[in-house]
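Q: Sharing entry_7.txt, compact mmCIF, C-alpha atoms and all ligand atoms:
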```txt
# COMPACT_ATOMS: atom_id res chain seq x y z
CA SER A 1050 12.71 40.82 -100.10
CA LEU A 1051 9.43 39.11 -99.25
CA ILE A 1052 9.35 37.22 -102.57
CA HIS A 1053 12.91 36.05 -102.05
CA ALA A 1054 12.13 34.88 -98.50
CA SER A 1055 9.01 33.03 -99.69
CA LEU A 1056 11.01 31.33 -102.41
CA ILE A 1057 13.60 30.14 -99.88
CA LEU A 1058 10.82 28.85 -97.60
CA PHE A 1059 9.19 27.08 -100.54
CA THR A 1060 12.49 25.44 -101.53
CA LEU A 1061 13.13 24.34 -97.95
CA LYS A 1062 9.64 22.83 -97.76
CA MET A 1063 10.16 20.99 -101.07
CA GLU A 1064 13.46 19.59 -99.84
CA VAL A 1065 11.84 18.33 -96.68
CA LEU A 1066 9.08 16.71 -98.74
CA LEU A 1067 11.68 14.80 -100.78
CA LEU A 1068 12.97 12.99 -97.69
CA ASN A 1069 11.44 9.72 -96.66
CA ASP A 1070 8.59 10.07 -94.16
CA ASP A 1071 10.56 9.02 -91.07
CA GLU A 1072 13.49 11.28 -91.77
CA ALA A 1073 11.20 14.17 -92.61
CA THR A 1074 9.24 13.70 -89.41
CA GLN A 1075 12.38 13.46 -87.31
CA PHE A 1076 13.80 16.58 -88.96
CA GLU A 1077 10.55 18.53 -88.54
CA GLN A 1078 10.33 17.42 -84.91
CA ALA A 1079 13.88 18.57 -84.28
CA LYS A 1080 13.06 21.96 -85.80
CA SER A 1081 10.07 22.44 -83.55
CA LYS A 1082 11.95 21.19 -80.47
CA LEU A 1083 14.50 23.91 -81.12
CA SER A 1084 11.94 26.60 -80.38
CA THR A 1085 11.01 24.92 -77.07
CA LEU A 1086 14.51 25.29 -75.56
CA LYS A 1087 14.34 27.47 -72.47
CA ASN A 1088 18.05 28.26 -72.21
CA ASP A 1089 19.97 29.98 -74.95
CA PRO A 1090 22.63 27.40 -75.94
CA GLY A 1091 25.17 30.14 -76.75
CA ASN A 1092 26.53 31.44 -80.01
CA GLU A 1093 28.90 28.54 -80.77
CA VAL A 1094 26.10 26.00 -80.59
CA LYS A 1095 23.69 28.26 -82.48
CA LEU A 1096 26.23 28.53 -85.29
CA LYS A 1097 26.57 24.75 -85.39
CA ILE A 1098 22.78 24.39 -85.60
CA TYR A 1099 22.64 26.98 -88.38
CA ALA A 1100 25.42 25.25 -90.31
CA LEU A 1101 23.88 21.79 -90.03
CA PHE A 1102 20.50 23.15 -91.12
CA LYS A 1103 22.00 24.81 -94.18
CA GLN A 1104 24.01 21.68 -95.06
CA ALA A 1105 20.98 19.46 -94.52
CA THR A 1106 18.72 21.56 -96.70
CA GLN A 1107 21.08 23.07 -99.29
CA GLY A 1108 24.19 20.86 -99.31
CA PRO A 1109 27.78 22.13 -99.01
CA CYS A 1110 28.38 25.86 -98.69
CA ASN A 1111 28.68 27.41 -102.14
CA THR A 1112 27.99 31.09 -101.47
CA PRO A 1113 30.66 33.83 -101.64
CA LYS A 1114 32.62 34.45 -98.43
CA PRO A 1115 31.34 37.60 -96.65
CA GLY A 1116 33.79 40.47 -96.07
CA MET A 1117 36.20 40.24 -93.12
CA LEU A 1118 34.38 42.93 -91.15
CA ASP A 1119 30.92 41.47 -91.76
CA PHE A 1120 31.39 39.44 -88.59
CA VAL A 1121 27.98 37.87 -88.15
CA ASN A 1122 27.61 36.63 -91.71
CA LYS A 1123 31.25 35.59 -91.81
CA ALA A 1124 30.81 33.54 -88.63
CA LYS A 1125 27.74 31.85 -90.15
CA TRP A 1126 29.53 31.25 -93.44
CA ASP A 1127 32.61 29.85 -91.62
CA ALA A 1128 30.42 27.47 -89.64
CA TRP A 1129 28.64 26.20 -92.77
CA LYS A 1130 31.88 25.97 -94.78
CA SER A 1131 33.55 24.01 -91.95
CA LEU A 1132 31.14 21.12 -92.61
CA GLY A 1133 32.95 20.53 -95.90
CA SER A 1134 31.28 17.95 -98.10
CA ILE A 1135 29.38 15.88 -95.55
CA SER A 1136 26.18 14.59 -97.11
CA GLN A 1137 22.76 16.17 -96.56
CA ASP A 1138 21.62 12.93 -94.86
CA GLU A 1139 24.51 13.02 -92.41
CA ALA A 1140 23.94 16.72 -91.70
CA ARG A 1141 20.23 16.06 -91.06
CA GLN A 1142 21.11 13.27 -88.64
CA LYS A 1143 23.66 15.46 -86.84
CA TYR A 1144 21.14 18.30 -86.67
CA CYS A 1145 18.56 15.99 -85.06
CA ASP A 1146 21.17 14.53 -82.67
CA LEU A 1147 22.42 17.95 -81.61
CA ILE A 1148 18.95 19.29 -80.87
CA GLY A 1149 18.05 16.03 -79.13
CA SER A 1150 21.11 16.38 -76.88
CA LEU A 1151 20.25 20.00 -76.05
CA VAL A 1152 16.70 19.07 -75.08
CA GLU A 1153 18.00 16.16 -73.02
CA ALA A 1154 20.63 18.32 -71.30
CA GLU A 1155 17.94 20.81 -70.35
CA SER A 1156 15.63 18.22 -68.85
CA GLY A 1157 18.64 16.59 -67.11
CA SER A 1158 19.98 19.86 -65.74
CA SER A 1159 16.62 20.79 -64.25
CA ALA A 1160 16.93 17.64 -62.17
CA GLN A 1161 20.51 18.43 -61.08
CA VAL A 1162 20.96 19.29 -57.43
CA SER A 1163 24.67 20.05 -57.06
CA ALA A 1164 25.91 23.51 -58.00
CA GLN A 1165 22.99 25.94 -58.06
CA PRO A 1166 22.85 28.90 -60.45
CA ALA A 1167 23.70 31.89 -58.33
CA GLY A 1168 21.58 34.91 -57.63
CA SER A 1169 17.91 35.60 -57.90
CA GLY A 1170 17.29 33.99 -61.26
CA ALA A 1171 20.08 35.87 -63.08
CA THR A 1172 21.04 34.09 -66.30
CA TYR A 1173 24.10 34.85 -68.37
CA GLU A 1174 25.02 34.27 -72.01
CA THR A 1175 28.77 34.33 -71.60
CA LEU A 1176 29.28 33.13 -68.02
CA LEU A 1177 28.45 30.16 -65.85
CA VAL A 1178 27.69 31.47 -62.39
CA THR A 1179 27.12 28.96 -59.60
CA LYS A 1180 27.00 28.95 -55.83
CA GLU A 1181 28.13 25.95 -53.83
CA ASP A 1182 29.85 25.41 -50.46
CA ASP A 1183 29.58 29.16 -49.70
CA ILE A 1184 31.59 29.97 -52.82
CA THR A 1185 30.18 31.89 -55.77
CA THR A 1186 32.03 30.91 -58.93
CA ILE A 1187 32.02 33.13 -62.01
CA LYS A 1188 33.28 31.03 -64.91
CA LEU A 1189 34.10 32.81 -68.18
CA ASN A 1190 32.36 30.62 -70.71
CA ARG A 1191 33.45 31.24 -74.31
CA PRO A 1192 36.04 28.44 -74.55
CA ALA A 1193 36.01 28.38 -78.37
CA LYS A 1194 37.25 32.00 -78.31
CA LYS A 1195 39.63 31.36 -75.41
CA ASN A 1196 37.18 33.30 -73.19
CA ALA A 1197 37.88 36.62 -74.94
CA ILE A 1198 35.76 39.32 -73.27
CA THR A 1199 33.06 40.85 -75.48
CA THR A 1200 31.19 44.01 -74.43
CA GLU A 1201 28.29 41.78 -73.41
CA MET A 1202 30.65 39.73 -71.26
CA TYR A 1203 32.12 42.83 -69.53
CA ASN A 1204 28.57 43.81 -68.60
CA GLU A 1205 27.75 40.31 -67.41
CA ILE A 1206 30.90 40.08 -65.27
CA ILE A 1207 30.03 43.45 -63.69
CA ALA A 1208 26.50 42.18 -62.97
CA ALA A 1209 27.78 38.86 -61.61
CA LEU A 1210 30.27 40.63 -59.31
CA GLU A 1211 27.52 42.97 -58.07
CA GLN A 1212 25.33 39.95 -57.39
CA ALA A 1213 28.14 38.05 -55.63
CA ALA A 1214 28.97 41.11 -53.52
CA THR A 1215 25.57 40.90 -51.83
CA ASP A 1216 24.75 37.19 -51.91
CA ASP A 1217 25.39 34.96 -48.90
CA SER A 1218 28.60 33.38 -50.20
CA VAL A 1219 31.84 33.86 -48.29
CA ILE A 1220 34.32 33.80 -51.16
CA THR A 1221 33.99 34.66 -54.86
CA VAL A 1222 36.04 32.89 -57.52
CA VAL A 1223 36.71 33.88 -61.13
CA THR A 1224 37.91 31.15 -63.49
CA GLY A 1225 37.75 30.12 -67.15
CA ALA A 1226 36.09 27.29 -69.09
CA GLY A 1227 38.29 25.15 -71.34
CA ASP A 1228 42.05 25.31 -71.74
CA PHE A 1229 42.45 29.11 -71.38
CA TYR A 1230 41.76 31.38 -68.44
CA CYS A 1231 41.07 34.33 -70.73
CA SER A 1232 42.53 35.87 -73.90
CA GLY A 1233 41.69 39.41 -72.78
CA ASN A 1234 39.60 41.96 -74.59
CA ASP A 1235 37.75 40.48 -77.57
CA LEU A 1236 39.36 42.36 -80.43
CA THR A 1237 36.10 42.42 -82.38
CA ASN A 1238 34.95 45.00 -79.78
CA PHE A 1239 37.08 47.47 -81.73
CA THR A 1240 35.48 46.71 -85.05
CA LYS A 1241 31.89 47.62 -84.18
CA ILE A 1242 32.13 51.29 -85.07
CA PRO A 1243 28.90 53.19 -84.21
CA GLU A 1244 27.33 55.78 -86.53
CA ASN A 1245 29.05 58.69 -84.79
CA GLY A 1246 32.45 57.21 -85.48
CA VAL A 1247 35.46 55.87 -83.67
CA GLU A 1248 35.42 58.59 -80.96
CA GLU A 1249 32.02 57.42 -79.78
CA MET A 1250 33.24 53.82 -79.73
CA ALA A 1251 36.21 54.95 -77.61
CA ARG A 1252 33.92 56.83 -75.21
CA HIS A 1253 31.65 53.81 -74.75
CA GLY A 1254 34.65 51.54 -74.32
CA ALA A 1255 36.11 53.89 -71.71
CA ASP A 1256 32.87 54.03 -69.70
CA LEU A 1257 32.59 50.27 -69.77
CA LEU A 1258 36.22 49.65 -68.82
CA ARG A 1259 36.05 52.18 -65.95
CA LYS A 1260 32.96 50.45 -64.58
CA TYR A 1261 34.51 47.01 -65.07
CA VAL A 1262 37.69 47.81 -63.15
CA ASN A 1263 35.69 49.64 -60.45
CA ALA A 1264 33.73 46.44 -59.86
CA TYR A 1265 37.00 44.76 -58.82
CA ILE A 1266 38.34 47.72 -56.82
CA ASP A 1267 35.11 47.93 -54.80
CA PHE A 1268 34.48 44.20 -54.39
CA PRO A 1269 33.86 43.72 -50.66
CA LYS A 1270 34.62 40.02 -50.07
CA PRO A 1271 37.67 37.82 -50.67
CA LEU A 1272 38.09 37.50 -54.44
CA VAL A 1273 40.09 34.58 -55.82
CA ALA A 1274 41.34 33.98 -59.37
CA VAL A 1275 41.64 30.31 -60.29
CA VAL A 1276 43.86 30.70 -63.35
CA ASN A 1277 43.27 27.44 -65.20
CA GLY A 1278 45.38 28.28 -68.28
CA PRO A 1279 47.03 31.14 -70.18
CA ALA A 1280 45.87 34.67 -69.36
CA VAL A 1281 46.20 37.69 -71.66
CA GLY A 1282 45.64 41.46 -71.46
CA VAL A 1283 42.95 42.81 -69.16
CA SER A 1284 42.50 39.40 -67.52
CA VAL A 1285 46.10 39.69 -66.27
CA THR A 1286 46.09 43.34 -65.26
CA VAL A 1287 43.08 43.06 -62.92
CA LEU A 1288 44.78 40.19 -61.07
CA GLY A 1289 46.43 42.82 -58.87
CA LEU A 1290 42.95 43.56 -57.52
CA PHE A 1291 42.32 39.95 -56.44
CA ASP A 1292 43.08 38.72 -52.92
CA LEU A 1293 44.45 35.34 -54.02
CA VAL A 1294 45.66 34.17 -57.42
CA TYR A 1295 46.07 30.40 -57.80
CA ALA A 1296 47.57 29.25 -61.09
CA THR A 1297 48.16 25.97 -62.85
CA GLU A 1298 51.80 25.53 -63.90
CA ARG A 1299 50.47 25.63 -67.52
CA ALA A 1300 49.30 29.24 -67.12
CA THR A 1301 51.15 32.14 -68.69
CA PHE A 1302 50.68 35.87 -68.11
CA HIS A 1303 50.93 38.18 -71.09
CA THR A 1304 50.07 41.88 -71.49
CA PRO A 1305 50.87 42.73 -75.14
CA PHE A 1306 49.70 46.34 -74.95
CA SER A 1307 52.47 48.01 -76.96
CA GLN A 1308 52.10 45.35 -79.62
CA LEU A 1309 48.43 46.41 -79.87
CA GLY A 1310 49.13 50.16 -79.82
CA GLN A 1311 47.44 50.38 -76.41
CA SER A 1312 48.46 51.10 -72.82
CA ALA A 1313 48.08 49.50 -69.41
CA GLU A 1314 44.76 49.21 -67.54
CA GLY A 1315 43.21 47.41 -64.57
CA CYS A 1316 45.32 49.62 -62.24
CA SER A 1317 48.38 47.63 -63.36
CA SER A 1318 50.38 50.83 -64.02
CA TYR A 1319 50.27 51.39 -60.25
CA ILE A 1320 49.97 47.90 -58.74
CA PHE A 1321 52.51 46.02 -60.91
CA PRO A 1322 55.49 48.31 -60.08
CA LYS A 1323 54.50 48.10 -56.40
CA LEU A 1324 54.36 44.30 -56.54
CA MET A 1325 57.41 43.55 -58.67
CA GLY A 1326 59.42 46.76 -58.96
CA ALA A 1327 59.43 49.21 -61.88
CA ALA A 1328 61.93 47.26 -64.00
CA LYS A 1329 60.02 43.98 -64.02
CA ALA A 1330 56.69 45.79 -64.45
CA SER A 1331 58.09 47.62 -67.46
CA GLU A 1332 59.22 44.36 -69.04
CA MET A 1333 55.62 43.19 -68.89
CA LEU A 1334 53.66 46.37 -69.54
CA LEU A 1335 55.98 48.06 -72.06
CA PHE A 1336 57.84 45.23 -73.70
CA ASN A 1337 55.18 42.50 -73.77
CA LYS A 1338 57.21 39.97 -71.76
CA LYS A 1339 55.16 36.84 -71.23
CA LEU A 1340 55.65 35.29 -67.77
CA THR A 1341 55.38 31.65 -66.83
CA ALA A 1342 53.27 30.85 -63.76
CA VAL A 1343 56.41 30.28 -61.70
CA GLN A 1344 57.88 33.66 -62.76
CA ALA A 1345 54.58 35.41 -61.99
CA CYS A 1346 54.62 33.78 -58.56
CA GLU A 1347 58.21 34.88 -57.91
CA LEU A 1348 57.17 38.45 -58.80
CA GLY A 1349 54.19 38.43 -56.43
CA LEU A 1350 51.42 38.51 -59.05
CA VAL A 1351 50.48 34.87 -58.34
CA THR A 1352 49.98 33.49 -54.84
CA GLU A 1353 50.77 29.85 -55.56
CA VAL A 1354 51.37 27.54 -58.53
CA PHE A 1355 49.99 23.99 -58.65
CA PRO A 1356 50.79 21.00 -60.88
CA ASP A 1357 48.31 20.90 -63.74
CA SER A 1358 47.25 17.31 -62.95
CA SER A 1359 46.11 18.16 -59.41
CA PHE A 1360 45.29 21.85 -59.92
CA GLN A 1361 41.49 21.69 -59.65
CA SER A 1362 41.35 19.23 -56.74
CA GLU A 1363 44.04 20.97 -54.66
CA VAL A 1364 42.66 24.46 -55.24
CA TRP A 1365 39.03 23.61 -54.56
CA THR A 1366 39.85 21.62 -51.43
CA ARG A 1367 41.71 24.66 -50.15
CA LEU A 1368 38.97 27.12 -51.11
CA LYS A 1369 36.20 25.04 -49.54
CA ALA A 1370 38.13 25.08 -46.26
CA TYR A 1371 38.68 28.86 -46.50
CA ALA A 1372 34.98 29.39 -47.15
CA LYS A 1373 34.21 27.87 -43.75
CA LEU A 1374 36.04 30.70 -41.97
CA PRO A 1375 33.86 33.40 -40.35
CA ARG A 1376 32.50 35.51 -43.20
CA ASN A 1377 32.44 38.89 -41.46
CA SER A 1378 35.97 38.55 -40.19
CA LEU A 1379 37.21 37.75 -43.70
CA ALA A 1380 35.32 40.63 -45.32
CA LEU A 1381 36.42 43.15 -42.69
CA SER A 1382 40.07 42.12 -42.88
CA LYS A 1383 39.96 42.39 -46.67
CA GLN A 1384 38.52 45.87 -46.40
CA LEU A 1385 41.25 46.90 -43.93
CA ILE A 1386 43.94 45.67 -46.32
CA ARG A 1387 42.41 47.38 -49.37
CA SER A 1388 40.64 50.51 -48.12
CA VAL A 1389 43.78 52.65 -47.67
CA GLU A 1390 44.43 52.35 -51.40
CA LYS A 1391 40.88 52.53 -52.73
CA GLU A 1392 40.77 56.22 -53.53
CA ARG A 1393 44.11 56.05 -55.27
CA LEU A 1394 43.05 53.00 -57.28
CA HIS A 1395 39.98 54.85 -58.56
CA ALA A 1396 42.21 57.74 -59.61
CA VAL A 1397 44.62 55.35 -61.34
CA ASN A 1398 41.71 53.65 -63.11
CA ASP A 1399 40.41 57.04 -64.34
CA ALA A 1400 43.85 58.03 -65.64
CA GLU A 1401 44.44 54.71 -67.40
CA VAL A 1402 41.01 54.83 -69.03
CA GLU A 1403 41.58 58.42 -70.20
CA ARG A 1404 44.85 57.38 -71.84
CA LEU A 1405 43.27 54.34 -73.50
CA MET A 1406 40.44 56.42 -74.92
CA GLU A 1407 43.06 58.34 -76.87
CA ARG A 1408 44.88 55.11 -77.85
CA TRP A 1409 41.72 53.52 -79.28
CA THR A 1410 41.39 56.33 -81.81
CA SER A 1411 45.06 56.09 -82.83
CA ASP A 1412 46.42 54.65 -86.08
CA GLU A 1413 48.77 52.46 -84.04
CA CYS A 1414 45.87 50.69 -82.38
CA PHE A 1415 43.77 50.50 -85.56
CA ASN A 1416 46.64 48.95 -87.53
CA ALA A 1417 47.40 46.41 -84.77
CA VAL A 1418 43.80 45.21 -84.58
CA MET A 1419 43.58 44.99 -88.37
CA SER A 1420 46.79 42.91 -88.42
CA PHE A 1421 45.21 40.45 -85.98
CA PHE A 1422 42.21 39.94 -88.27
CA GLN A 1423 44.31 39.88 -91.45
CA ALA A 1424 46.51 37.16 -89.94
CA LYS A 1425 43.34 35.22 -89.12
CA ALA A 1426 41.95 35.73 -92.61
CA LYS A 1427 45.12 34.26 -94.14
CA LEU A 1428 44.90 31.06 -92.08
C1 LIG B 1501 34.88 47.69 -75.02
C2 LIG B 1501 35.75 47.75 -73.80
C3 LIG B 1501 37.15 47.58 -74.16
C4 LIG B 1501 38.02 47.44 -72.96
C5 LIG B 1501 39.39 47.08 -73.42
C6 LIG B 1501 40.32 46.98 -72.30
C7 LIG B 1501 41.73 46.86 -72.80
C8 LIG B 1501 42.07 45.46 -72.94
C9 LIG B 1501 43.19 45.09 -73.49
C10 LIG B 1501 43.50 43.69 -73.72
O1 LIG B 1501 42.97 42.75 -73.19
S1 LIG B 1501 44.76 43.50 -74.82
C11 LIG B 1501 44.81 41.78 -75.16
C12 LIG B 1501 43.86 41.40 -76.25
N1 LIG B 1501 44.05 40.01 -76.58
C13 LIG B 1501 44.86 39.58 -77.55
O2 LIG B 1501 45.53 40.32 -78.22
C14 LIG B 1501 44.91 38.10 -77.79
C15 LIG B 1501 44.62 37.78 -79.22
N2 LIG B 1501 44.60 36.33 -79.40
C16 LIG B 1501 45.71 35.61 -79.56
O3 LIG B 1501 46.81 36.09 -79.58
C17 LIG B 1501 45.53 34.12 -79.70
O4 LIG B 1501 44.23 33.89 -80.17
C18 LIG B 1501 45.75 33.37 -78.36
C19 LIG B 1501 44.93 33.98 -77.24
C20 LIG B 1501 47.24 33.41 -78.00
C21 LIG B 1501 45.33 31.89 -78.53
O5 LIG B 1501 46.03 31.32 -79.60
P1 LIG B 1501 45.65 29.83 -80.07
O6 LIG B 1501 46.48 29.56 -81.28
O7 LIG B 1501 45.75 28.89 -78.93
O8 LIG B 1501 44.11 29.90 -80.44
P2 LIG B 1501 43.42 30.71 -81.65
O9 LIG B 1501 43.13 29.75 -82.75
O10 LIG B 1501 44.22 31.92 -81.99
O11 LIG B 1501 42.09 31.20 -80.94
C22 LIG B 1501 40.87 30.43 -80.99
C23 LIG B 1501 39.77 31.35 -81.45
O12 LIG B 1501 39.62 32.39 -80.50
C24 LIG B 1501 39.74 33.68 -81.14
N3 LIG B 1501 40.33 34.63 -80.21
C25 LIG B 1501 41.28 34.39 -79.30
N4 LIG B 1501 41.54 35.50 -78.62
C26 LIG B 1501 40.76 36.46 -79.11
C27 LIG B 1501 40.58 37.83 -78.80
N5 LIG B 1501 41.27 38.43 -77.81
N6 LIG B 1501 39.68 38.54 -79.49
C28 LIG B 1501 38.94 37.95 -80.47
N7 LIG B 1501 39.06 36.63 -80.82
C29 LIG B 1501 39.96 35.92 -80.13
C30 LIG B 1501 40.65 33.40 -82.32
O13 LIG B 1501 40.50 34.40 -83.27
C31 LIG B 1501 40.11 32.05 -82.77
O14 LIG B 1501 38.89 32.28 -83.44
P3 LIG B 1501 38.49 31.43 -84.74
O15 LIG B 1501 39.60 31.65 -85.73
O16 LIG B 1501 38.40 30.01 -84.27
O17 LIG B 1501 37.20 32.01 -85.19
```
Take the structure in the file and write it out as C-alpha cells.
A:
Amino acid sequence: SLIHASLILFTLKMEVLLLNDDEATQFEQAKSKLSTLKNDPGNEVKLKIYALFKQATQGPCNTPKPGMLDFVNKAKWDAWKSLGSISQDEARQKYCDLIGSLVEAESGSSAQVSAQPAGSGATYETLLVTKEDDITTIKLNRPAKKNAITTEMYNEIIAALEQAATDDSVITVVTGAGDFYCSGNDLTNFTKIPENGVEEMARHGADLLRKYVNAYIDFPKPLVAVVNGPAVGVSVTVLGLFDLVYATERATFHTPFSQLGQSAEGCSSYIFPKLMGAAKASEMLLFNKKLTAVQACELGLVTEVFPDSSFQSEVWTRLKAYAKLPRNSLALSKQLIRSVEKERLHAVNDAEVERLMERWTSDECFNAVMSFFQAKAKL
C-alpha cells in the first residue's frame, strides 16, 4: 500500500542519514548514477545490485523465502540471502563499486573500436551480437544459467538471425558465453502458466518453437556453430541445420527428452537418423545418451573437434579465412545443398511441434519439470 511504501522510503532515508557524510554522498551518488546507465546490465547484475542495496540498507536477509513458483521474488530473495552476513558498510561499498564499474564499462565500451554491435541499432538483453571480419556472431549470453533459452531469448535469436540473414556479413556464427554452449530450453518457460491455462501456454510455445526452427531452416548464408562447451536439448537438435559444427573436446551433446516427458524437435527426428543411422539416433533421442564431442564427430553431427586450449584461436583463424571467400558463391552453394530438403524440413518441424504441444500438457512433462525445480529447491 501507499502508506507501507512511504514507510519503507522513510526508513531508507533515515538509514542513509545515519551514515557519515562521505559514505552517504557516495551511496547517494551511486544510486543516481544507476538511473543514468544507457544499457540494461542484464538480470544477473540487476539482482546483484538489488541484493547489495537491501543488505546495505536493511542488513542480512531476514524475510520468509518466497514460494518455489514465485520466480521473480525468489530470485531476488536468493540474491539477497546469498550475501550472508556481510556488514552493511561492506555491502554499501560493494554497491558503489559495482555501479562505478558499470558506468566505467559503458564509457569505455563507447570508445571501443573492435567488434561492432551488429545490425541497425538492434540491442539484445540475452545475446551479444557483433560483426567483425565479415562474420556476424550471435553469442548466447546468460552464462549464470548455462545459456538456457528463455522465451525472450528465442525471440531475440530469431530477430538476430533475421538481421544476420540480410546484413553484409559472409558467415554467421552461433556460440555461447561462459563454460556452456547452451543448456537448452529454460525450464521456467513451462512454469509461466497464462490465465487460460496450460493449453494456451502449449499453443504459444508451439508457435514460438515453429518460428525458431524455421529461422534455421530458412537461413540463407553459411551458419556455423562454435560449440564452446556442453550442449543440451534444443541447442543440440538444431545443430543438424547448421553448415559447420566446430566443438571443443570439452563439449558434450545431450538430448534428454524422454527424461523430461517430451519428444524430439529441431528437425532432429528426420536429420539425426539420416546423419547417424536410426539406431544411434534412437540412443540419443529416445534413451538420452549423452555423446562426447569425439563421438558426435564420428556420427556426423560435429564437423571437427579441437583441443580446448587452442579451440578459440584455431576456430576463429579458420572462420576468418572462410569469410574471405566470395560471398555469393558461398550462399548459392549452401542453398543448392539445402533447398532440396527445405519443404520436407518445414513439414518435419510442423509435425514435431504438433507432437510437443500435446507433450507439454501431459502429466509426464509436468512431473519432470517439477522434479527439476524440486531437486534445485533441496540444494
Ligand atoms: C517456450 C518455447 C519452448 C520450446 C521448447 C523446445 C523444446 C526444448 C527442449 C529442451 O531443450 S529439453 C532440455 C532442457 N534442459 C535441461 O533439462 C537442462 C537442465 N539443467 C541441467 O540439467 C543442469 O543445470 C546442467 C545444464 C547439466 C548444468 O549443471 P551444472 O551443475 O553445471 O550447473 P547448475 O548449477 O545446474 O546450473 C547453473 C544455473 O543454471 C540453471 N539452469 C541450467 N539449465 C537450466 C535450464 N535448462 N532451465 C532453467 N535453469 C537452468 C540452474 O538451475 C542453475 O540455476 P541457479 O540454481 O544458480 O539459480
Q: Go through A:Glu1153, A:Asp1146, A:Asp1216, A:Asp1127 and flag the residue nearest ligand LIG 1501 (chain B), using only C-alpha atoms and all ligand atoms for the distances.
A: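 When distances to ligand LIG 1501 (chain B) are compared using only C-alpha atoms and all ligand atoms, the smallest one comes from A:Asp1127.
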Q: Write out as a list in words each polymer residue whose atoms come within 7 Å of Leu1176 of chain A, counting all atoms listed in the file; drop sequence neighbours fewer than 6 positions from it.
A: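 After dropping sequence-adjacent residues, the list is Ile1187, Lys1188, Leu1189 and Asn1190 of chain A.
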Q: Just want the residues within 6 Å of ligand LIG 1501 (chain B), written as number ranges by chain, counting all atoms listed in the file.
A: A: 1193-1195, 1197, 1200, 1232-1238, 1254, 1257-1258, 1281-1283, 1306
Q: Quick check, in Å to one decimal: how far apart do atom CA of Asn1277 of chain A and atom CA of Leu1340 of chain A lie?
A: 14.9 Å
Q: Nearest to Asn1204 of chain A: which of A:Arg1259, A:His1303, A:Lys1103, A:Arg1387 is it, counting only C-alpha atoms?
A: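 Selected residue with least distance to Asn1204 of chain A: A:Arg1259.
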Q: What does the distance between atom CA of Ala1300 of chain A and atom CA of Leu1324 of chain A come to in Å, to one decimal place?
A: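 The value is 19.1 Å.
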Q: Name the closest residue to Tyr1265 of chain A among the candidates A:Ser1131, A:Ser1307, A:Gln1423, A:Thr1221; distances are taken between atoms, counting only C-alpha atoms.
A: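 Closest to Tyr1265 of chain A of all the choices is A:Thr1221.
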Q: Any idea what the distance is between atom CA of Lys1080 of chain A and atom CA of Gln1104 of chain A?
A: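 So the two atoms, atom CA of Lys1080 of chain A and atom CA of Gln1104 of chain A, lie 14.3 Å apart.
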Q: Could you check which of A:Glu1332, A:Glu1363, A:Glu1201, A:Glu1211 is closest to Pro1305 of chain A, using all atoms listed in the file?
A: A:Glu1332
Q: Identify, on the basis of all atoms listed in the file, every residue whose closest approach to Pro1192 of chain A does not exceed 12 Å; exclude the query and any residue fewer than 4 positions from it along the same chain; express the result as JSON, numbers by chain.
A: {"A": [1091, 1092, 1093, 1094, 1175, 1176, 1177, 1188, 1196, 1197, 1198, 1224, 1225, 1226, 1227, 1228, 1229, 1230, 1231, 1232, 1277, 1278]}
Q: Taking all atoms of segment 1385-1397 of chain A that the file lists and extending 6 Å past them on each side, where is the centre of the axis-aligned box and how long are its edges? Answer in Å to one decimal, as lines of an AutoDock Vina configuration file.
A:
```
center_x = 42.3
center_y = 51.7
center_z = -52.6
size_x = 16.6
size_y = 24.1
size_z = 29.4
```
Q: Near Trp1365 of chain A, within 10 Å and counting only C-alpha atoms, which residues show up once chain neighbours fewer than 5 positions away are dropped, as an MDAnalysis selection string?
A: chainID A and resid 1184 1275 1360 1370:1371
Q: Leaving out Ala1396 of chain A and any residue of its chain fewer than 5 positions from it, which residues lie within 12 Å of it when counting only C-alpha atoms, given as a VMD selection string?
A: chain A and resid 1259 1262 to 1263 1266 1314 to 1316 1318 to 1319 1390 to 1391 1401 to 1403
Q: Using only C-alpha atoms, which residue out of A:Ala1128, A:Val1273, A:Cys1110, A:Ala1251 lies closest to Glu1353 of chain A?
A: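 Looking at the shortest contact to Glu1353 of chain A, the residue is A:Val1273.
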